[in-house]
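Scroll down for the structure; my scribbles are underneath it.
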Amino acid sequence: MRRIAVALAVLLAVAACSSPAPVSSPAPVSSPPSSRQPSSTATTRATASPVVRPRPIPPRVTMTRMRTPDGSVMTVATFSGPLTYVLHNGSEDPGAAAGRVRAGSAVHGAERRRLLAAFNGGFKLSQGVGGYEQEGHVASPLRRGVTSLVIDRSGRARIGIWGHGVPAPGEAVYSVRQNLPPLVLHGKPTKAAANWSLWGSTLGGGAYVARSALGQDAAGHLVYAASMSATPADLASVLAYAGAQIAMELDINPEWVQLDVASRAGGRLHAAIHGQNRPANQFLLGWARDFITVLAPAGAGG
């Protein structure tokens with residue numbers, strides 16, 4: 001298992017809104033001195049200091065680019081603020097198996113105006129490495145012990161192991177995307193991450209191919225990592241370094257790995273992975289495979 005280099009090759013931040021400026025504490029307000037002493041019947045009125053409330057955290061995608069010791073260039077996107085997530089059906093996979101769902105193979109309408117980012121889903125369902133449920137429709141049976149991205153009816157997302165605390169009792173599960181065992185668990189790369197042959201068939205049969213993964217940190221933020229040439233161990237070490245407590249590998253190979261990000265909700269999308277094959281507007285035109293969108297609250301566009 002490789003350990004990530006301490007130095008970052010490039011650091012950049014893409015935010016839907018700028019960070020709030022720190023608010024200084026108001027100076028105490030005192031009454032001016034008086035030449036007369038108040039009489040016993042006089043009422044002394046205190047001057048109250050104004051209440052200063054912190055500004056809410058804006059919806060944000062923070063981008064970081066790192067280089068691992070073996071030379072892989074890794075793109076990491078951390079999603080924070082009041083965001084929601086939507087699992088989209090691909091036109092071919094799952095296709096008709098997903099049933100009649102609202103989120104189809106393209107992003108448009110009100111969702112487009114809230115779109116901050118979009119990224120690829122997992123392996124083809126025919127690979128048998130996990131199940132798929134979208135909007136309450138089960139396209140492939142959910143499997144116990146498999147790492148799962150779970151989206152509830154409000155659009156909130158989390159990652160867990162199905163059947164081990166996920167779903168929680170009474171949890172309003174809406175969509176679930178499963179893919180393989182954990183890549184990171186309890187904040188550390190799993191032992192299996194070191195064996196690249198366990199993480200899917202690769203073009204040309206090599207360890208270094210386009211790969212992607214999704215983790216969740218202790219604050220609940222989802223963290224996406226990808227490279228056009230990396231090993232599973234690279235993904236695991238980068239996500240652990242970024243604070244992920246749990247992570248799952250997503251799709252691999254160059255045609256499928258893609259992350260598109262806008263600088264503001266509803267803005268123009270940019271391909272975010274160094275060397276990405278797919279165009280930045282692919283998810284707007286429509287796509288054959290399932291994918292996930294990251295949305296700001298309604299009205300957050302600039």
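We name chains A, B, ... following the order of the structure tokens; residues begin at 1 in each chain, and ligands are numbered from 1 as shown.
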
Notebook entry, point to check: DSSP on the backbone: what in region 132-270 of chain A comes out helix (DSSP H, G or I), as a PyMOL selection string?
Noted result: chain A and resi 191-194+196-198+203-205+232-241

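Atom pair CA of Arg158 (chain A) / CA of Gly220 (chain A) has a distance of 7.2 Å (rounded to one decimal).
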
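Atom pair CA of His221 (chain A) / CA of Thr78 (chain A): separated by 6.8 Å.
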
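The shortest atom-to-atom distance to Gln258 (chain A), with only C-alpha atoms taken into account, belongs to A:Ala77 out of A:Ile246, A:Arg102, A:Ala77, A:Asp217.
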
Check: Counting only C-alpha atoms, which of A:Val76, A:Val294, A:Ala288, A:Leu142 gets nearest to Ser212 (chain A)?
Finding: A:Val76

List as a compact mmCIF listing (two decimals) with C-alpha atoms, in the first residue's frame the protein and nucleic acid residues near Val257 (chain A), meaning an atom at most 7 Å away when only C-alpha atoms are counted, but skip any in the same chain fewer than 3 places from it.
```
# COMPACT_ATOMS: atom_id res chain seq x y z
CA ASN A 120 -19.67 8.70 -13.24
CA ALA A 210 -8.37 5.31 -15.61
CA ARG A 211 -10.04 4.82 -12.23
CA SER A 212 -12.46 6.66 -9.97
CA ASP A 251 -16.08 2.94 -12.72
CA ILE A 252 -12.73 2.35 -14.43
CA ASN A 253 -11.22 2.56 -17.94
CA PRO A 254 -10.96 5.77 -19.98
```

Next item on the list: Between A:Val73, A:Ala139, A:Ile57, A:Ala157, single out the one closest to His274 (chain A), counting only C-alpha atoms.
Entry: A:Val73

Next item on the list: Identify which of the residues A:Gly121, A:Gly90, A:Gly215, A:Gly95 lies closest to Leu259 (chain A), counting only C-alpha atoms when measuring atom-to-atom distances.
Entry: A:Gly121
